[in-house]
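Colleague: Quick one: this structure, given as structure tokens, is what I'll be asking you about.
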Amino acid sequence: MLASQTTQWLRELVQIPSVNPGGASRLDPQIHGESRVTDWLESWARTRGIRSYRQPVASGRDNLIMEVQGRGENHRTQLWEVHQDTVDVAGMTVEPFGARIQDGRLYGRGACDVKGSMAAMLGALAEIHQYSGPVSDRIILACTVDEEHTFLGVQALRAHSPGRIWISPENTCRPDFAIVAEPSSLGIIEAHKGVIRWHIRVHGTACHSSTPDLGSNAIYTAAEIAKAIEKLQIRLRESSKDHLGGGSICLTQISGGSAPNIVPHECVLLIDRRIGFTETPEEAEQQLQAVLDGLGFPSGIQCQLSQPIIRCPALRSNGNGPAIRSLGTAIRKTTGQCEVRSVAFGTDASTIAEHGIPAVVFGPGDIAQAHTKDEWIDLRELETAARILFLLATESSSSGLETEA
Ligand SMILES: [Zn+2]
């Protein structure tokens with residue numbers, strides 16, 4: 001595998017802005033959206049004769065799926081998933097799209113999260129495509145949109161029947177396992193927390209603030225809800241034995257009131273709920289609804305819990321043994337060691353696992369460098385990741401090392 005090639009692809013990918021448009025107060029067509037990266041990926045695949053399909057997800061936002069056929073008997077199907085979008089570039093101290101290389105590091109938005117992994121996957125895929133050995137796995141590389149906001153891309157990837165994913169307008173397939181790209185310092189992330197967010201809307205009755213008793217003040221009720229959520233967090237903390245794996249809840253934004261002399265008729269709270277390893281998003285929702293129902297609001301006040309604005313389940317370690325064994329073997333063969341751990345941040349892996357496909361997280365780079373003002377990746381890790389993925393597709397399946405008992 002030519003190291004210079006993967007580095008060059010990473011340079012090009014970082015130079016192409018693909019900032020997630022979600023949450024932006026003003027859209028800048030020069031930097032927002034994934035479509036430029038999608039076009040680049042499509043032409044990359046076409047140049048190499050690798051089959052690719054576009055899956056429309058939202059207006060101007062497509063997943064790009066590449067497929068390399070397997071060889072030999074008993075080859076497996078692996079899903080490699082990597083997101084095309086990055087977080088915003090505000091406040092960065094390095095040129096976000098400069099892709100400057102210095103002292104073995106490449107700097108820029110997305111270098112670490114997660115275009116470095118994307119370049120490594122492309123490097124391995126190009127190699128597998130040309131490989132003439134006896135066995136290599138079928139690889140589906142899914143480059144998805146919207147991981148940094150509402151997970152639309154990975155949700156669209158799931159076909160109707162459990163365990164199957166969309167790969168073309170005519171076809172779905174059932175991967176044996178999935179490798180989801182995020183910076184893991186070349187270790188394996190086997191479990192992580194999930195997240196669900198809602199708005200709580202409190203509706204009251206406006207009137208002149210000189211006669212407040214004639215109205216119903218939505219902010220007073222919102223304050224009661226805020227205290228109840230703080231108490232719920234204390235309960236969650238006390239009931240959780242595992243600090244990392246436990247759920248938590250936090251009121252993160254609040255807005256209400258329209259003028260200094262009007263009793264506020266509306267107040268909106270944003271609730272961020274992290275889903276512990278033993279919880280589901282649905283259980284968390286029922287729990288919050290029960291807290292709201294228990295408050296008993298004054299007359300003239302109504303309170304509504306919205307549909308989730310974000311929903312990502314927790315990734316649990318049970319069920320992903322085959323993926324861990326295969327990937328672990330490839331990592332150890334390449335680097336001499338392999339760390340398997342759990343983390344707090346969420347990824348697309350849990351949405352894939354919830355659909356019935358064993359999934360783990362793997363990639364070059366340290367998560368501590370993701371989303372930072374001087375984001376960078378160590379280019380040697382990029383090459384190592386590409387070698388590990390190549391091995392995972394070509395050796396594990398024939399070596400028998402990952403054979404299930
Ligand atoms: Zn990421």
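Residues are referred to by chain and number: the chain letter is A, B, ... according to the order shown in the structure tokens, the number counts from 1 in that chain, and ligands are numbered separately from 1 in the order shown.
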At most 7 Å is the cut-off: for each residue in chain A with any atom that close to an atom of ligand 1, write down the nearest atom pair and the distance in Å rounded to one decimal, counting only C-alpha atoms and all ligand atoms, chain first then increasing number, as JSON lines.
Modeller:
```
{"residue": "A:His83", "atom": "CA", "partner": "ligand 1", "partner_atom_place_in_ligand_line": "1 (Zn)", "distance": 6.7}
{"residue": "A:Asp113", "atom": "CA", "partner": "ligand 1", "partner_atom_place_in_ligand_line": "1 (Zn)", "distance": 4.6}
{"residue": "A:Val114", "atom": "CA", "partner": "ligand 1", "partner_atom_place_in_ligand_line": "1 (Zn)", "distance": 5.2}
{"residue": "A:Glu147", "atom": "CA", "partner": "ligand 1", "partner_atom_place_in_ligand_line": "1 (Zn)", "distance": 6.8}
{"residue": "A:Glu148", "atom": "CA", "partner": "ligand 1", "partner_atom_place_in_ligand_line": "1 (Zn)", "distance": 6.7}
{"residue": "A:Glu182", "atom": "CA", "partner": "ligand 1", "partner_atom_place_in_ligand_line": "1 (Zn)", "distance": 5.2}
{"residue": "A:Thr347", "atom": "CA", "partner": "ligand 1", "partner_atom_place_in_ligand_line": "1 (Zn)", "distance": 6.9}
```
Colleague: Enumerate, as an NGL selection string, the complete set of residues in range 38-214 of chain A that a backbone-based DSSP assignment places in strand (DSSP E).
Modeller: :A and (51-58 or 61-68 or 77-83 or 101-102 or 105-107 or 138-144 or 165-166 or 172-173 or 177-181 or 188-192 or 194-203)
Colleague: Taking 3 positions as the minimum chain separation for residues in the same chain, which residues sit within 10 Å of Ala370 in chain A when counting only C-alpha atoms? Answer as a compact mmCIF listing (two decimals) with all heavy atoms, in the first residue's frame.
Modeller:
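As a result, around.txt now contains:
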```txt
# COMPACT_ATOMS: atom_id res chain seq x y z
N THR A 86 -18.21 16.97 8.86
CA THR A 86 -17.36 17.40 9.98
C THR A 86 -18.15 18.38 10.84
O THR A 86 -19.22 18.86 10.43
CB THR A 86 -16.09 18.14 9.50
OG1 THR A 86 -16.48 19.43 8.99
CG2 THR A 86 -15.36 17.36 8.42
N VAL A 87 -17.60 18.71 12.00
CA VAL A 87 -18.19 19.78 12.80
C VAL A 87 -17.75 21.13 12.22
O VAL A 87 -16.96 21.19 11.28
CB VAL A 87 -17.83 19.66 14.30
CG1 VAL A 87 -18.49 18.45 14.92
CG2 VAL A 87 -16.33 19.64 14.50
N ARG A 109 -9.74 20.67 9.61
CA ARG A 109 -11.01 20.15 10.10
C ARG A 109 -11.31 18.80 9.45
O ARG A 109 -11.25 18.67 8.23
CB ARG A 109 -12.14 21.15 9.81
CG ARG A 109 -13.50 20.69 10.27
CD ARG A 109 -13.56 20.30 11.76
NE ARG A 109 -13.75 21.40 12.67
CZ ARG A 109 -13.04 21.57 13.81
NH1 ARG A 109 -12.10 20.71 14.16
NH2 ARG A 109 -13.29 22.60 14.60
N GLY A 110 -11.59 17.82 10.28
CA GLY A 110 -11.91 16.48 9.80
C GLY A 110 -10.70 15.58 9.68
O GLY A 110 -10.85 14.38 9.44
N ALA A 111 -9.49 16.11 9.86
CA ALA A 111 -8.29 15.27 9.72
C ALA A 111 -8.40 14.04 10.62
O ALA A 111 -8.12 12.92 10.21
CB ALA A 111 -7.04 16.08 10.06
N CYS A 112 -8.84 14.29 11.86
CA CYS A 112 -8.96 13.20 12.83
C CYS A 112 -10.37 12.61 12.82
O CYS A 112 -10.54 11.39 12.86
CB CYS A 112 -8.60 13.77 14.21
SG CYS A 112 -8.74 12.59 15.53
N ASP A 113 -11.37 13.47 12.77
CA ASP A 113 -12.78 13.04 12.85
C ASP A 113 -13.51 13.50 11.59
O ASP A 113 -14.02 14.59 11.54
CB ASP A 113 -13.42 13.62 14.12
CG ASP A 113 -14.83 13.15 14.33
OD1 ASP A 113 -15.31 12.30 13.56
OD2 ASP A 113 -15.48 13.66 15.26
N VAL A 114 -13.56 12.66 10.54
CA VAL A 114 -13.04 11.32 10.53
C VAL A 114 -12.50 11.00 9.14
O VAL A 114 -12.53 9.90 8.67
CB VAL A 114 -14.15 10.32 11.00
CG1 VAL A 114 -15.21 10.11 9.95
CG2 VAL A 114 -13.61 9.03 11.49
N GLU A 182 -14.24 5.85 13.69
CA GLU A 182 -14.09 7.03 14.55
C GLU A 182 -12.70 6.91 15.16
O GLU A 182 -12.17 5.80 15.25
CB GLU A 182 -15.14 7.07 15.68
CG GLU A 182 -16.57 7.36 15.26
CD GLU A 182 -16.78 8.75 14.68
OE1 GLU A 182 -15.90 9.63 14.84
OE2 GLU A 182 -17.83 8.96 14.05
N PRO A 183 -12.12 8.02 15.60
CA PRO A 183 -10.78 7.93 16.17
C PRO A 183 -10.79 7.04 17.43
O PRO A 183 -11.49 7.34 18.38
CB PRO A 183 -10.44 9.37 16.54
CG PRO A 183 -11.48 10.22 15.91
CD PRO A 183 -12.65 9.39 15.56
N GLY A 365 -6.04 7.93 14.98
CA GLY A 365 -6.25 9.24 15.61
C GLY A 365 -6.85 9.09 17.00
O GLY A 365 -7.47 8.08 17.33
N ASP A 366 -6.67 10.15 17.79
CA ASP A 366 -7.13 10.17 19.17
C ASP A 366 -8.38 11.04 19.25
O ASP A 366 -8.39 12.15 18.71
CB ASP A 366 -6.00 10.78 20.03
CG ASP A 366 -6.30 10.67 21.52
OD1 ASP A 366 -7.49 10.61 21.89
OD2 ASP A 366 -5.33 10.65 22.30
N ILE A 367 -9.40 10.56 19.94
CA ILE A 367 -10.65 11.32 20.04
C ILE A 367 -10.40 12.69 20.71
O ILE A 367 -11.13 13.64 20.48
CB ILE A 367 -11.75 10.52 20.81
CG1 ILE A 367 -13.13 11.18 20.67
CG2 ILE A 367 -11.38 10.34 22.27
CD1 ILE A 367 -13.72 11.16 19.29
N LYS A 373 -9.54 23.03 18.00
CA LYS A 373 -9.21 24.22 17.20
C LYS A 373 -7.97 24.01 16.34
O LYS A 373 -7.74 24.75 15.41
CB LYS A 373 -9.07 25.45 18.10
CG LYS A 373 -8.03 25.35 19.21
CD LYS A 373 -8.18 26.59 20.11
CE LYS A 373 -7.06 26.81 21.09
NZ LYS A 373 -6.67 25.76 21.96
N ASP A 374 -7.18 22.99 16.66
CA ASP A 374 -6.02 22.71 15.81
C ASP A 374 -6.02 21.22 15.42
O ASP A 374 -4.98 20.55 15.49
CB ASP A 374 -4.71 23.07 16.51
CG ASP A 374 -4.47 22.20 17.75
OD1 ASP A 374 -5.45 21.61 18.24
OD2 ASP A 374 -3.32 22.12 18.22
N GLU A 375 -7.17 20.72 15.02
CA GLU A 375 -7.34 19.29 14.74
C GLU A 375 -6.22 18.75 13.83
O GLU A 375 -5.87 19.36 12.83
CB GLU A 375 -8.71 19.07 14.07
CG GLU A 375 -9.00 17.59 13.78
CD GLU A 375 -10.46 17.35 13.35
OE1 GLU A 375 -11.29 18.27 13.43
OE2 GLU A 375 -10.73 16.21 12.92
N TRP A 376 -5.69 17.60 14.21
CA TRP A 376 -4.63 16.97 13.40
C TRP A 376 -4.70 15.47 13.55
O TRP A 376 -5.38 14.95 14.43
CB TRP A 376 -3.24 17.47 13.80
CG TRP A 376 -2.90 17.34 15.25
CD1 TRP A 376 -3.05 18.30 16.21
CD2 TRP A 376 -2.34 16.20 15.93
NE1 TRP A 376 -2.63 17.83 17.44
CE2 TRP A 376 -2.18 16.55 17.29
CE3 TRP A 376 -1.94 14.93 15.53
CZ2 TRP A 376 -1.65 15.67 18.26
CZ3 TRP A 376 -1.41 14.04 16.47
CH2 TRP A 376 -1.27 14.42 17.82
N ILE A 377 -3.98 14.78 12.66
CA ILE A 377 -3.83 13.33 12.78
C ILE A 377 -2.39 12.96 12.48
O ILE A 377 -1.73 13.62 11.65
CB ILE A 377 -4.82 12.58 11.85
CG1 ILE A 377 -4.85 11.09 12.24
CG2 ILE A 377 -4.45 12.75 10.37
CD1 ILE A 377 -6.07 10.37 11.72
```
Colleague: Would you return as an NGL selection string the members of range 133-316 of chain A that DSSP assigns to alpha helix (DSSP H) on this structure's backbone?
Modeller: :A and (152-157 or 218-239 or 281-293)
Colleague: Can you tell me which residues surround Ala344 in chain A at a distance of at most 9 Å, considering only C-alpha atoms, apart from same-chain residues fewer than 5 positions away, and format the answer as a VMD selection string?
Modeller: chain A and resid 191 to 194 244 to 245 274
Colleague: Would you tabulate, counting only C-alpha atoms, all residues of range 323-382 of chain A that have an atom at most 10 Å from an atom of range 6-18 of chain A, showing the closest pair of atoms and their distance in Å to one decimal, sorted by chain then ascending number, as a Markdown table?
Modeller:
```
| residue | atom | partner | partner_atom | distance |
| --- | --- | --- | --- | --- |
| A:Leu379 | CA | A:Thr7 | CA | 7.0 |
| A:Arg380 | CA | A:Thr7 | CA | 9.5 |
| A:Leu382 | CA | A:Thr6 | CA | 7.8 |
```
Colleague: Using all heavy atoms, can you write the selected residues to a file as a compact mmCIF listing (two decimals), in the first residue's frame?
Modeller:
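Ended up saving to result26.txt:
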```
# COMPACT_ATOMS: atom_id res chain seq x y z
N LEU A 379 0.10 10.87 10.64
CA LEU A 379 -0.02 10.17 9.36
C LEU A 379 0.45 8.71 9.43
O LEU A 379 -0.01 7.88 8.66
CB LEU A 379 0.76 10.93 8.27
CG LEU A 379 0.11 12.26 7.88
CD1 LEU A 379 1.07 13.10 7.03
CD2 LEU A 379 -1.20 12.05 7.14
N ARG A 380 1.31 8.39 10.40
CA ARG A 380 1.73 6.98 10.52
C ARG A 380 0.56 6.11 10.96
O ARG A 380 0.41 4.97 10.53
CB ARG A 380 2.87 6.85 11.53
CG ARG A 380 4.23 7.24 10.96
CD ARG A 380 5.21 7.41 12.08
NE ARG A 380 4.62 8.25 13.13
CZ ARG A 380 5.23 8.63 14.24
NH1 ARG A 380 6.44 8.22 14.50
NH2 ARG A 380 4.64 9.41 15.11
N LEU A 382 -2.48 6.57 10.23
CA LEU A 382 -3.33 6.42 9.04
C LEU A 382 -2.90 5.18 8.24
O LEU A 382 -3.72 4.35 7.84
CB LEU A 382 -3.11 7.66 8.20
CG LEU A 382 -4.03 8.01 7.07
CD1 LEU A 382 -5.32 8.52 7.67
CD2 LEU A 382 -3.41 9.10 6.21
```
Colleague: With the cut-off set at 6 Å and counting only C-alpha atoms, tabulate each residue of range 162-280 of chain A with an atom at most that distance from an atom of range 322-342 of chain A, showing the nearest atom pair and its distance in Å to one decimal, ordered by chain and increasing number, as a Markdown table.
Modeller:
```
| residue | atom | partner | partner_atom | distance |
| --- | --- | --- | --- | --- |
| A:Phe177 | CA | A:Ala323 | CA | 5.9 |
| A:Gly187 | CA | A:Glu339 | CA | 4.9 |
| A:Ile188 | CA | A:Val340 | CA | 4.7 |
| A:Ile189 | CA | A:Arg341 | CA | 5.1 |
| A:Glu190 | CA | A:Ser342 | CA | 5.8 |
| A:Ala191 | CA | A:Ser342 | CA | 4.7 |
| A:His192 | CA | A:Ser342 | CA | 5.5 |
```
Colleague: For Leu41 in chain A, list every protein, DNA or RNA residue within 12 Å, evaluated using only C-alpha atoms, and leave out those in the same chain fewer than 5 positions away; present the list as a PyMOL selection string.
Modeller: chain A and resi 9-10+12-13+16+34-36+46-48+50-54+62-66+82-84+115+118-119+121-122+141-144
